[in-house]
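Participant: My structure is in query04.cif, and what it holds is mmCIF, C-alpha atoms:
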data_upload
loop_
_atom_site.group_PDB
_atom_site.id
_atom_site.type_symbol
_atom_site.label_atom_id
_atom_site.label_comp_id
_atom_site.auth_asym_id
_atom_site.auth_seq_id
_atom_site.Cartn_x
_atom_site.Cartn_y
_atom_site.Cartn_z
ATOM 1 C CA MET A 74 16.439 91.594 26.384
ATOM 2 C CA ARG A 75 15.661 92.156 30.069
ATOM 3 C CA LYS A 76 11.950 91.525 29.436
ATOM 4 C CA ALA A 77 12.741 88.275 27.620
ATOM 5 C CA LEU A 78 15.002 87.170 30.465
ATOM 6 C CA LEU A 79 12.382 88.051 33.082
ATOM 7 C CA PHE A 80 9.715 86.132 31.132
ATOM 8 C CA SER A 81 11.995 83.072 30.961
ATOM 9 C CA VAL A 82 12.595 83.205 34.716
ATOM 10 C CA LEU A 83 8.841 83.476 35.395
ATOM 11 C CA ILE A 84 8.155 80.460 33.165
ATOM 12 C CA LEU A 85 10.744 78.443 35.091
ATOM 13 C CA LEU A 86 9.278 79.469 38.442
ATOM 14 C CA LEU A 87 5.622 79.004 37.463
ATOM 15 C CA PRO A 88 5.487 75.215 38.085
ATOM 16 C CA VAL A 89 7.021 75.702 41.519
ATOM 17 C CA TYR A 90 4.432 78.324 42.360
ATOM 18 C CA LEU A 91 1.509 76.267 41.089
ATOM 19 C CA TYR A 92 2.499 73.190 43.108
ATOM 20 C CA SER A 93 3.620 74.954 46.262
ATOM 21 C CA ASP A 94 2.006 73.656 49.451
ATOM 22 C CA SER A 95 0.298 70.760 47.660
ATOM 23 C CA SER A 96 0.997 67.135 48.466
ATOM 24 C CA VAL A 97 0.956 63.612 47.114
ATOM 25 C CA ARG A 98 1.378 60.207 48.712
ATOM 26 C CA TYR A 99 4.344 57.926 48.162
ATOM 27 C CA ILE A 100 3.251 54.534 46.821
ATOM 28 C CA LEU A 101 6.364 52.447 46.290
ATOM 29 C CA PRO A 102 6.557 49.387 48.579
ATOM 30 C CA GLU A 103 8.032 50.070 52.002
ATOM 31 C CA SER A 104 11.825 49.730 52.325
ATOM 32 C CA ILE A 105 12.313 50.107 48.558
ATOM 33 C CA ALA A 106 14.909 52.837 48.070
ATOM 34 C CA TYR A 107 14.592 55.208 45.130
ATOM 35 C CA THR A 108 17.359 57.269 43.544
ATOM 36 C CA GLY A 109 16.173 60.738 42.545
ATOM 37 C CA ALA A 110 16.528 62.359 39.134
ATOM 38 C CA SER A 111 19.716 64.188 38.206
ATOM 39 C CA PHE A 112 18.158 67.558 37.439
ATOM 40 C CA ASN A 113 20.257 69.087 40.178
ATOM 41 C CA SER A 114 23.269 67.198 41.506
ATOM 42 C CA ALA A 115 22.939 68.950 44.858
ATOM 43 C CA ILE A 116 19.636 67.186 45.539
ATOM 44 C CA ASP A 117 20.208 63.921 43.714
ATOM 45 C CA ARG A 118 20.119 61.301 46.437
ATOM 46 C CA THR A 119 18.672 57.993 47.510
ATOM 47 C CA VAL A 120 15.612 58.153 49.729
ATOM 48 C CA SER A 121 13.578 55.485 51.475
ATOM 49 C CA LEU A 122 10.032 56.388 52.454
ATOM 50 C CA PRO A 123 7.240 54.505 54.200
ATOM 51 C CA PHE A 124 4.365 53.396 51.971
ATOM 52 C CA GLY A 125 1.646 56.059 51.953
ATOM 53 C CA GLU A 126 3.930 58.801 53.287
ATOM 54 C CA GLU A 127 2.554 62.279 52.544
ATOM 55 C CA ILE A 128 5.022 64.365 50.554
ATOM 56 C CA THR A 129 4.999 68.124 50.062
ATOM 57 C CA ILE A 130 5.491 69.252 46.455
ATOM 58 C CA THR A 131 7.576 72.374 45.888
ATOM 59 C CA GLY A 132 8.073 72.076 42.147
ATOM 60 C CA ILE A 133 7.471 70.093 38.984
ATOM 61 C CA HIS A 134 9.591 69.049 36.010
ATOM 62 C CA LYS A 135 8.562 67.175 32.842
ATOM 63 C CA THR A 136 10.933 65.184 30.666
ATOM 64 C CA ASP A 137 10.512 62.316 28.196
ATOM 65 C CA GLY A 138 6.787 62.156 28.897
ATOM 66 C CA VAL A 139 7.264 61.662 32.643
ATOM 67 C CA THR A 140 6.245 64.209 35.277
ATOM 68 C CA TRP A 141 8.668 64.577 38.195
ATOM 69 C CA TYR A 142 7.757 66.192 41.506
ATOM 70 C CA ARG A 143 10.331 68.102 43.523
ATOM 71 C CA CYS A 144 9.471 66.908 47.027
ATOM 72 C CA VAL A 145 10.295 67.763 50.614
ATOM 73 C CA VAL A 146 9.985 65.543 53.675
ATOM 74 C CA ALA A 147 11.510 66.832 56.906
ATOM 75 C CA ASP A 148 14.967 68.086 55.832
ATOM 76 C CA SER A 149 15.198 65.952 52.686
ATOM 77 C CA THR A 150 14.634 67.350 49.192
ATOM 78 C CA PHE A 151 14.409 64.976 46.220
ATOM 79 C CA TYR A 152 12.548 64.209 42.977
ATOM 80 C CA LEU A 153 9.940 61.494 42.487
ATOM 81 C CA PRO A 154 8.190 60.559 39.213
ATOM 82 C CA ASP A 155 4.402 60.672 39.301
ATOM 83 C CA ILE A 156 4.346 56.919 38.597
ATOM 84 C CA PHE A 157 5.518 56.446 42.210
ATOM 85 C CA THR A 158 3.087 58.919 43.752
ATOM 86 C CA ASP A 159 -0.662 59.300 43.957
ATOM 87 C CA ASN A 160 -2.519 62.597 43.748
ATOM 88 C CA SER A 161 -5.596 61.446 41.846
ATOM 89 C CA VAL A 162 -9.259 62.097 42.553
ATOM 90 C CA LEU A 163 -10.166 60.018 45.606
ATOM 91 C CA LEU A 164 -13.410 58.104 45.884
ATOM 92 C CA MET A 165 -14.121 58.307 49.598
ATOM 93 C CA PRO A 166 -16.371 55.606 51.079
ATOM 94 C CA ALA A 167 -19.707 56.566 52.616
ATOM 95 C CA GLY A 168 -19.186 58.728 55.663
ATOM 96 C CA GLY A 169 -16.220 60.518 54.133
ATOM 97 C CA GLU A 170 -13.709 59.217 56.665
ATOM 98 C CA GLY A 171 -12.180 56.509 54.533
ATOM 99 C CA ARG A 172 -13.299 53.738 56.894
ATOM 100 C CA ASP A 173 -16.839 52.720 56.006
ATOM 101 C CA ASN A 174 -17.541 50.225 53.232
ATOM 102 C CA ILE A 175 -18.223 51.462 49.737
ATOM 103 C CA HIS A 176 -21.677 50.453 48.542
ATOM 104 C CA ILE A 177 -21.250 47.593 46.083
ATOM 105 C CA GLY A 178 -21.591 48.753 42.494
ATOM 106 C CA SER A 179 -21.469 52.466 43.296
ATOM 107 C CA SER A 180 -17.809 53.186 42.618
ATOM 108 C CA MET A 181 -15.773 53.585 39.450
ATOM 109 C CA VAL A 182 -12.061 52.903 39.948
ATOM 110 C CA ASP A 183 -9.746 53.664 37.030
ATOM 111 C CA ARG A 184 -6.511 55.476 36.128
ATOM 112 C CA ARG A 185 -7.923 58.825 37.287
ATOM 113 C CA LEU A 186 -10.258 57.863 40.127
ATOM 114 C CA SER A 187 -8.771 56.039 43.094
ATOM 115 C CA LEU A 188 -9.641 54.615 46.477
ATOM 116 C CA PRO A 189 -7.943 55.885 49.632
ATOM 117 C CA LEU A 190 -4.716 53.901 50.044
ATOM 118 C CA ASP A 191 -5.843 52.728 53.483
ATOM 119 C CA TYR A 192 -9.323 51.575 52.380
ATOM 120 C CA VAL A 193 -10.078 48.037 53.602
ATOM 121 C CA PRO A 194 -13.681 46.715 53.564
ATOM 122 C CA ASP A 195 -14.655 45.416 57.012
ATOM 123 C CA ASP A 196 -16.752 42.492 55.721
ATOM 124 C CA LEU A 197 -13.991 40.513 53.986
ATOM 125 C CA VAL A 198 -14.267 36.743 54.398
ATOM 126 C CA PRO A 199 -12.008 33.894 53.174
ATOM 127 C CA VAL A 200 -12.739 32.042 49.945
ATOM 128 C CA PRO A 201 -13.425 28.377 50.839
ATOM 129 C CA LEU A 202 -10.742 25.917 49.773
ATOM 130 C CA ARG A 203 -12.878 24.102 47.179
ATOM 131 C CA TYR A 204 -13.347 27.304 45.178
ATOM 132 C CA LYS A 205 -9.633 28.113 44.943
ATOM 133 C CA ALA A 206 -7.652 27.209 41.846
ATOM 134 C CA PRO A 207 -5.244 24.273 42.232
ATOM 135 C CA GLY A 208 -1.865 25.582 43.320
ATOM 136 C CA TYR A 209 -3.465 28.442 45.247
ATOM 137 C CA GLU A 210 -4.752 26.414 48.191
ATOM 138 C CA SER A 211 -2.387 28.095 50.653
ATOM 139 C CA ARG A 212 -3.003 31.617 49.361
ATOM 140 C CA ARG A 213 -5.277 33.719 51.609
ATOM 141 C CA LEU A 214 -8.027 34.819 49.237
ATOM 142 C CA LEU A 215 -10.620 37.264 50.589
ATOM 143 C CA LEU A 216 -13.832 38.761 49.214
ATOM 144 C CA ARG A 217 -16.647 40.828 50.649
ATOM 145 C CA ARG A 218 -19.363 38.521 51.940
ATOM 146 C CA LYS A 219 -22.002 39.424 49.344
ATOM 147 C CA ALA A 220 -19.548 39.142 46.451
ATOM 148 C CA LEU A 221 -18.268 35.784 47.698
ATOM 149 C CA ASP A 222 -21.805 34.399 47.943
ATOM 150 C CA VAL A 223 -22.454 35.378 44.327
ATOM 151 C CA PHE A 224 -19.170 34.011 42.959
ATOM 152 C CA ILE A 225 -19.787 30.743 44.826
ATOM 153 C CA ARG A 226 -23.264 30.508 43.290
ATOM 154 C CA LEU A 227 -21.831 31.192 39.835
ATOM 155 C CA ILE A 228 -19.106 28.542 40.217
ATOM 156 C CA ASP A 229 -21.584 25.966 41.546
ATOM 157 C CA ASP A 230 -24.034 26.640 38.708
ATOM 158 C CA ALA A 231 -21.267 26.343 36.121
ATOM 159 C CA GLY A 232 -20.070 23.108 37.735
ATOM 160 C CA ALA A 233 -23.602 21.672 37.552
ATOM 161 C CA GLU A 234 -23.372 22.171 33.777
ATOM 162 C CA GLY A 235 -19.962 20.504 33.572
ATOM 163 C CA VAL A 236 -17.954 23.742 33.408
ATOM 164 C CA ASN A 237 -14.968 24.176 35.743
ATOM 165 C CA ILE A 238 -14.324 27.702 37.101
ATOM 166 C CA ARG A 239 -12.048 28.561 40.039
ATOM 167 C CA ILE A 240 -10.679 31.672 41.800
ATOM 168 C CA LEU A 241 -6.943 32.442 41.826
ATOM 169 C CA SER A 242 -6.920 36.075 43.005
ATOM 170 C CA ALA A 243 -9.367 38.235 44.943
ATOM 171 C CA TYR A 244 -8.987 41.207 47.333
ATOM 172 C CA ARG A 245 -5.638 43.019 47.294
ATOM 173 C CA ASP A 246 -4.735 45.909 49.593
ATOM 174 C CA ALA A 247 -2.882 48.949 48.244
ATOM 175 C CA ASN A 248 0.471 47.964 49.767
ATOM 176 C CA TYR A 249 0.417 44.552 48.073
ATOM 177 C CA GLN A 250 -0.699 46.215 44.830
ATOM 178 C CA SER A 251 2.289 48.547 45.158
ATOM 179 C CA ARG A 252 4.684 45.593 45.025
ATOM 180 C CA LEU A 253 2.977 44.236 41.901
ATOM 181 C CA TYR A 254 3.072 47.700 40.337
ATOM 182 C CA TYR A 255 6.771 48.169 41.109
ATOM 183 C CA ASN A 256 7.636 44.784 39.577
ATOM 184 C CA ALA A 257 5.588 45.561 36.446
ATOM 185 C CA ILE A 258 7.492 48.826 35.984
ATOM 186 C CA LYS A 259 10.814 47.021 36.400
ATOM 187 C CA ARG A 260 9.810 44.492 33.730
ATOM 188 C CA HIS A 261 7.989 46.683 31.219
ATOM 189 C CA GLY A 262 8.935 50.299 31.943
ATOM 190 C CA VAL A 263 7.091 53.322 33.253
ATOM 191 C CA PHE A 264 4.369 53.222 30.589
ATOM 192 C CA GLN A 265 3.284 49.641 31.324
ATOM 193 C CA ASN A 266 -0.485 49.072 31.231
ATOM 194 C CA SER A 267 -0.844 45.621 32.766
ATOM 195 C CA VAL A 268 -0.873 46.473 36.491
ATOM 196 C CA ALA A 269 -2.889 49.286 38.102
ATOM 197 C CA LYS A 270 -1.299 51.851 40.367
ATOM 198 C CA PRO A 271 -2.028 51.294 44.092
ATOM 199 C CA GLY A 272 -5.416 52.771 44.959
ATOM 200 C CA HIS A 273 -6.520 52.367 41.347
ATOM 201 C CA SER A 274 -7.025 48.602 41.319
ATOM 202 C CA GLU A 275 -10.563 47.197 41.359
ATOM 203 C CA HIS A 276 -9.198 44.340 43.467
ATOM 204 C CA GLN A 277 -9.034 46.706 46.456
ATOM 205 C CA LEU A 278 -12.848 46.934 46.382
ATOM 206 C CA GLY A 279 -13.075 43.312 47.549
ATOM 207 C CA THR A 280 -15.675 42.475 44.870
ATOM 208 C CA VAL A 281 -13.332 41.309 42.085
ATOM 209 C CA CYS A 282 -11.958 37.887 41.163
ATOM 210 C CA ASP A 283 -9.394 36.654 38.698
ATOM 211 C CA LEU A 284 -10.898 33.414 37.393
ATOM 212 C CA THR A 285 -9.404 30.378 35.694
ATOM 213 C CA THR A 286 -10.272 26.814 34.689
ATOM 214 C CA ASP A 287 -8.640 23.393 34.557
ATOM 215 C CA GLU A 288 -8.938 23.633 30.764
ATOM 216 C CA ILE A 289 -5.782 25.805 30.825
ATOM 217 C CA GLY A 290 -4.087 24.174 33.803
ATOM 218 C CA SER A 291 -5.686 26.676 36.229
ATOM 219 C CA ALA A 292 -3.281 29.375 35.040
ATOM 220 C CA LEU A 293 -3.689 33.136 34.720
ATOM 221 C CA SER A 294 -3.599 33.292 30.931
ATOM 222 C CA GLY A 295 -4.982 35.121 27.932
ATOM 223 C CA SER A 296 -5.923 31.715 26.538
ATOM 224 C CA PHE A 297 -8.752 31.678 29.082
ATOM 225 C CA ASP A 298 -10.914 33.249 26.359
ATOM 226 C CA ARG A 299 -10.659 30.064 24.295
ATOM 227 C CA THR A 300 -12.252 27.877 26.954
ATOM 228 C CA ALA A 301 -15.758 26.612 27.661
ATOM 229 C CA ALA A 302 -15.544 28.408 31.014
ATOM 230 C CA PHE A 303 -15.076 31.772 29.294
ATOM 231 C CA ARG A 304 -17.937 31.115 26.853
ATOM 232 C CA TRP A 305 -20.187 30.172 29.772
ATOM 233 C CA LEU A 306 -19.273 33.391 31.579
ATOM 234 C CA MET A 307 -19.967 35.523 28.502
ATOM 235 C CA GLU A 308 -23.444 34.031 28.260
ATOM 236 C CA ARG A 309 -24.335 34.010 31.942
ATOM 237 C CA MET A 310 -22.254 36.480 33.999
ATOM 238 C CA THR A 311 -24.745 39.363 33.935
ATOM 239 C CA ASP A 312 -27.371 37.053 35.475
ATOM 240 C CA TYR A 313 -25.197 37.245 38.602
ATOM 241 C CA GLY A 314 -24.458 40.985 38.422
ATOM 242 C CA ILE A 315 -20.913 40.296 37.225
ATOM 243 C CA SER A 316 -19.032 41.796 34.291
ATOM 244 C CA LEU A 317 -15.664 41.579 32.537
ATOM 245 C CA SER A 318 -13.778 44.747 33.496
ATOM 246 C CA TYR A 319 -11.179 44.924 30.717
ATOM 247 C CA PRO A 320 -12.659 43.611 27.440
ATOM 248 C CA LYS A 321 -10.897 42.987 24.172
ATOM 249 C CA TYR A 322 -10.356 46.010 21.912
ATOM 250 C CA LYS A 323 -11.164 48.366 24.802
ATOM 251 C CA GLU A 324 -7.569 49.032 25.867
ATOM 252 C CA THR A 325 -7.742 52.700 24.877
ATOM 253 C CA ALA A 326 -10.931 53.216 26.873
ATOM 254 C CA THR A 327 -9.899 51.279 29.995
ATOM 255 C CA GLY A 328 -6.187 52.120 29.944
ATOM 256 C CA TYR A 329 -5.283 48.480 30.576
ATOM 257 C CA ILE A 330 -4.544 45.366 28.550
ATOM 258 C CA TYR A 331 -7.263 42.859 27.715
ATOM 259 C CA GLU A 332 -7.856 40.635 30.764
ATOM 260 C CA PRO A 333 -10.281 37.799 30.025
ATOM 261 C CA TRP A 334 -9.807 36.553 33.615
ATOM 262 C CA HIS A 335 -10.800 39.727 35.566
ATOM 263 C CA TYR A 336 -14.442 39.871 36.765
ATOM 264 C CA ARG A 337 -16.195 42.346 39.028
ATOM 265 C CA TYR A 338 -19.412 41.888 40.984
ATOM 266 C CA TRP A 339 -21.525 45.032 40.606
ATOM 267 C CA GLY A 340 -24.805 43.782 42.073
ATOM 268 C CA GLU A 341 -27.685 42.148 40.235
ATOM 269 C CA GLU A 342 -29.762 45.329 40.381
ATOM 270 C CA ARG A 343 -27.361 47.011 37.945
ATOM 271 C CA TRP A 344 -28.649 44.889 35.055
ATOM 272 C CA VAL A 345 -32.253 44.861 36.276
ATOM 273 C CA ILE A 346 -32.292 48.662 36.165
ATOM 274 C CA ALA A 347 -30.605 48.670 32.741
ATOM 275 C CA GLU A 348 -33.156 46.192 31.389
ATOM 276 C CA ARG A 349 -36.044 48.292 32.704
ATOM 277 C CA ARG A 350 -34.615 51.383 31.019
ATOM 278 C CA LEU A 351 -34.262 49.521 27.720
ATOM 279 C CA ASN A 352 -37.816 48.201 27.948
ATOM 280 C CA LEU A 353 -39.083 51.700 28.723
ATOM 281 C CA PHE A 354 -37.159 53.102 25.732
ATOM 282 C CA PHE A 355 -38.485 50.526 23.264
ATOM 283 C CA THR A 356 -42.108 50.728 24.482
ATOM 284 C CA ARG A 357 -42.435 54.486 24.113
#
Written as structure tokens, that's how I'd like the structure from this file.
Facilitator:
Amino acid sequence: MRKALLFSVLILLLPVYLYSDSSVRYILPESIAYTGASFNSAIDRTVSLPFGEEITITGIHKTDGVTWYRCVVADSTFYLPDIFTDNSVLLMPAGGEGRDNIHIGSSMVDRRLSLPLDYVPDDLVPVPLRYKAPGYESRRLLLRRKALDVFIRLIDDAGAEGVNIRILSAYRDANYQSRLYYNAIKRHGVFQNSVAKPGHSEHQLGTVCDLTTDEIGSALSGSFDRTAAFRWLMERMTDYGISLSYPKYKETATGYIYEPWHYRYWGEERWVIAERRLNLFFTR
């Protein structure tokens, strides 16, 4: 009986031991208060933390498919679900200090791999007015210089063939992404798969655009895939080093819903190298 009791106590303490002295970062938008879980009424309270605040983990609890961290900041102890924290594998930019630009096309960003929350490319430039979707003229849209040049060339080439394509979203920093993420959770619950967690969005790379066309009223819509603009992109996008990030029927692989509007510039050399490898394979 004593051995069974001791074993049970050790099992309860094991998560605390494993996560002692580790840390995560808080990713809810600043000034958003969060009420902790009621695992222990003595530490159930409302806390308000700055975005990106580092939190020390002293324990872990899992319930209903959600992992909760027992956290400490200063004299406050509280629980946070892992959906509001980030402890994923970080993809540090060149130089390892989180400040230099990531080489275009060199970085995978997904549910597991993330960018540092404070990563901001230093070569962001504004999207010219004529390339913005109607209704988004006043929105400050930014892209890295090289990516912008390529998207402009793509849009101009499509326009020369009578196909209308415009940009309605581009670079997003992690704090802005956090607000989108929070709203998606409020609407669809903690297991939503339509908005990436801050640090995990390709938009933070500064090489991604959400595209639209006047064929669908310049909206962000799944019906984009029934337009001439979408068909043109499917035929031509790799010529510009661009690809569709979240294809149809790939939700299990990507972790996100089908997004026919979301395009990432990887660099033209990506497809040149792939073509050379294919040619080499078939000429052996």
Participant: Report as a list in words the full result of the PyMOL selection byres ((chain A and resi 232-239) around 8) when it is applied to this structure.
Facilitator: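 On this input, the PyMOL selection byres ((chain A and resi 232-239) around 8) captures Tyr204, Lys205, Ala206, Ile228, Asp229, Asp230, Ala231, Ile240, Leu241, Leu284, Thr285, Thr286, Asp287, Glu288, Ser291, Ala301, Ala302 and Trp305 of chain A.
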Participant: Could you make a table, as a Markdown table, of the residues of stretch 252-293 of chain A that have an atom within 10 Å of an atom of stretch 125-148 of chain A, each with its nearest atom pair and distance in Å to one decimal, counting only C-alpha atoms, in chain and number order?
Facilitator:
| residue | atom | partner | partner_atom | distance |
| --- | --- | --- | --- | --- |
| A:Val263 | CA | A:Val139 | CA | 8.4 |
| A:Phe264 | CA | A:Val139 | CA | 9.2 |
| A:Pro271 | CA | A:Gly125 | CA | 9.9 |
Participant: Please provide as a count of residues only all residues within 9 Å of A:Ile315, with the sequence filter that same-chain residues fewer than 3 positions apart are discarded (counting all atoms listed in the file).
Facilitator: 12
Participant: Could you tell me, as a JSON list (two decimals) with C-alpha atoms, keeping the file's coordinate frame, exactly which residues end up selected when the PyMOL selection byres ((chain A and resi 318-327) around 12) is applied to this structure?
Facilitator:
[["chain", "number", "residue", "atom", "x", "y", "z"],
["A", 181, "MET", "CA", -15.77, 53.58, 39.45],
["A", 182, "VAL", "CA", -12.06, 52.90, 39.95],
["A", 183, "ASP", "CA", -9.75, 53.66, 37.03],
["A", 184, "ARG", "CA", -6.51, 55.48, 36.13],
["A", 185, "ARG", "CA", -7.92, 58.82, 37.29],
["A", 266, "ASN", "CA", -0.48, 49.07, 31.23],
["A", 267, "SER", "CA", -0.84, 45.62, 32.77],
["A", 268, "VAL", "CA", -0.87, 46.47, 36.49],
["A", 269, "ALA", "CA", -2.89, 49.29, 38.10],
["A", 273, "HIS", "CA", -6.52, 52.37, 41.35],
["A", 274, "SER", "CA", -7.02, 48.60, 41.32],
["A", 275, "GLU", "CA", -10.56, 47.20, 41.36],
["A", 276, "HIS", "CA", -9.20, 44.34, 43.47],
["A", 280, "THR", "CA", -15.68, 42.48, 44.87],
["A", 281, "VAL", "CA", -13.33, 41.31, 42.08],
["A", 282, "CYS", "CA", -11.96, 37.89, 41.16],
["A", 283, "ASP", "CA", -9.39, 36.65, 38.70],
["A", 295, "GLY", "CA", -4.98, 35.12, 27.93],
["A", 298, "ASP", "CA", -10.91, 33.25, 26.36],
["A", 307, "MET", "CA", -19.97, 35.52, 28.50],
["A", 310, "MET", "CA", -22.25, 36.48, 34.00],
["A", 315, "ILE", "CA", -20.91, 40.30, 37.22],
["A", 316, "SER", "CA", -19.03, 41.80, 34.29],
["A", 317, "LEU", "CA", -15.66, 41.58, 32.54],
["A", 328, "GLY", "CA", -6.19, 52.12, 29.94],
["A", 329, "TYR", "CA", -5.28, 48.48, 30.58],
["A", 330, "ILE", "CA", -4.54, 45.37, 28.55],
["A", 331, "TYR", "CA", -7.26, 42.86, 27.72],
["A", 332, "GLU", "CA", -7.86, 40.64, 30.76],
["A", 333, "PRO", "CA", -10.28, 37.80, 30.02],
["A", 334, "TRP", "CA", -9.81, 36.55, 33.62],
["A", 335, "HIS", "CA", -10.80, 39.73, 35.57],
["A", 336, "TYR", "CA", -14.44, 39.87, 36.76],
["A", 337, "ARG", "CA", -16.20, 42.35, 39.03],
["A", 338, "TYR", "CA", -19.41, 41.89, 40.98],
["A", 339, "TRP", "CA", -21.52, 45.03, 40.61]]
Participant: Residues at most 10 Å from A:Gln277, counting all atoms listed in the file, excluding those fewer than 3 positions away in the same chain, as a PyMOL selection string?
Facilitator: chain A and resi 182+187-194+216+243-247+249-250+271-274+280-281
Participant: Using all atoms listed in the file, which residue out of A:Glu308, A:Tyr99, A:Ala220, A:Met165 lies closest to A:Ile177?
Facilitator: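 Ranking A:Glu308, A:Tyr99, A:Ala220, A:Met165 by distance to A:Ile177, first place goes to A:Ala220.
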Participant: Using atom CA of A:Leu101 and atom CA of A:Leu215 as the two end points, give the distance in Å to one decimal.
Facilitator: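 Computed distance, atom CA of A:Leu101 to atom CA of A:Leu215, equals 23.2 Å.
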Participant: So that I can check the surroundings of A:Thr158, please list as a VMD selection string every protein, DNA and RNA residue that reaches within 7 Å of it, counting all atoms listed in the file and ignoring chain neighbours fewer than 4 positions away.
Facilitator: chain A and resid 97 to 100
Participant: Have a look at A:Asn160, A:Ser251, A:Ser179, A:Ser149 and name the one nearest to A:Ser104; count all atoms listed in the file.
Facilitator: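 Checking each of A:Asn160, A:Ser251, A:Ser179, A:Ser149 against A:Ser104, counting all atoms listed in the file, the winner is A:Ser251.
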Participant: Just the number, please: distance in Å from atom CA of A:Ser121 to atom CA of A:Tyr254, one decimal.
Facilitator: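 Computing the Euclidean distance for atom CA of A:Ser121 and atom CA of A:Tyr254 yields 17.2 Å.
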Participant: If you measure from atom CA of A:Leu293 to atom CA of A:Ser180, what distance in Å do you get, rounded to one decimal?
Facilitator: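 Distance reported for this atom pair: 25.8 Å.
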Participant: Measuring between only C-alpha atoms, which one of A:Asn248, A:Leu306, A:Ile105, A:Ser95 shows the shortest distance to A:Leu227?
Facilitator: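 Using only C-alpha atoms, A:Leu227 sits closest to A:Leu306.
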Participant: Would you pick out the contacts of A:Asp195 at 10 Å or less, using all atoms listed in the file, so that residues sharing its chain but fewer than 5 positions from it are not included, and give the list as a list in words?
Facilitator: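 Answer for this query is Arg172, Asp173, Asn174, Arg217, Arg218 and Gly279 of chain A.
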Participant: Any chance you could work out the axis-aligned box around stretch 304-316 of chain A, listed atoms only, 8 Å on each side, giving centre and edge lengths in Å to one decimal, as AutoDock Vina command-line options?
Facilitator:
--center_x -22.7 --center_y 36.0 --center_z 32.7 --size_x 25.4 --size_y 27.6 --size_z 27.7
Participant: I'd like to know which of A:Gly290, A:Ser96, A:Arg260, A:Phe157 is closest to A:Leu122, using only C-alpha atoms.
Facilitator: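 Among A:Gly290, A:Ser96, A:Arg260, A:Phe157, it is A:Phe157 that comes nearest to A:Leu122.
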Participant: So, counting only C-alpha atoms, which residue among A:Thr119, A:Ser242, A:Lys270, A:Phe303 is closest to A:Tyr255?
Facilitator: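 For A:Tyr255, the nearest of the candidates is A:Lys270.
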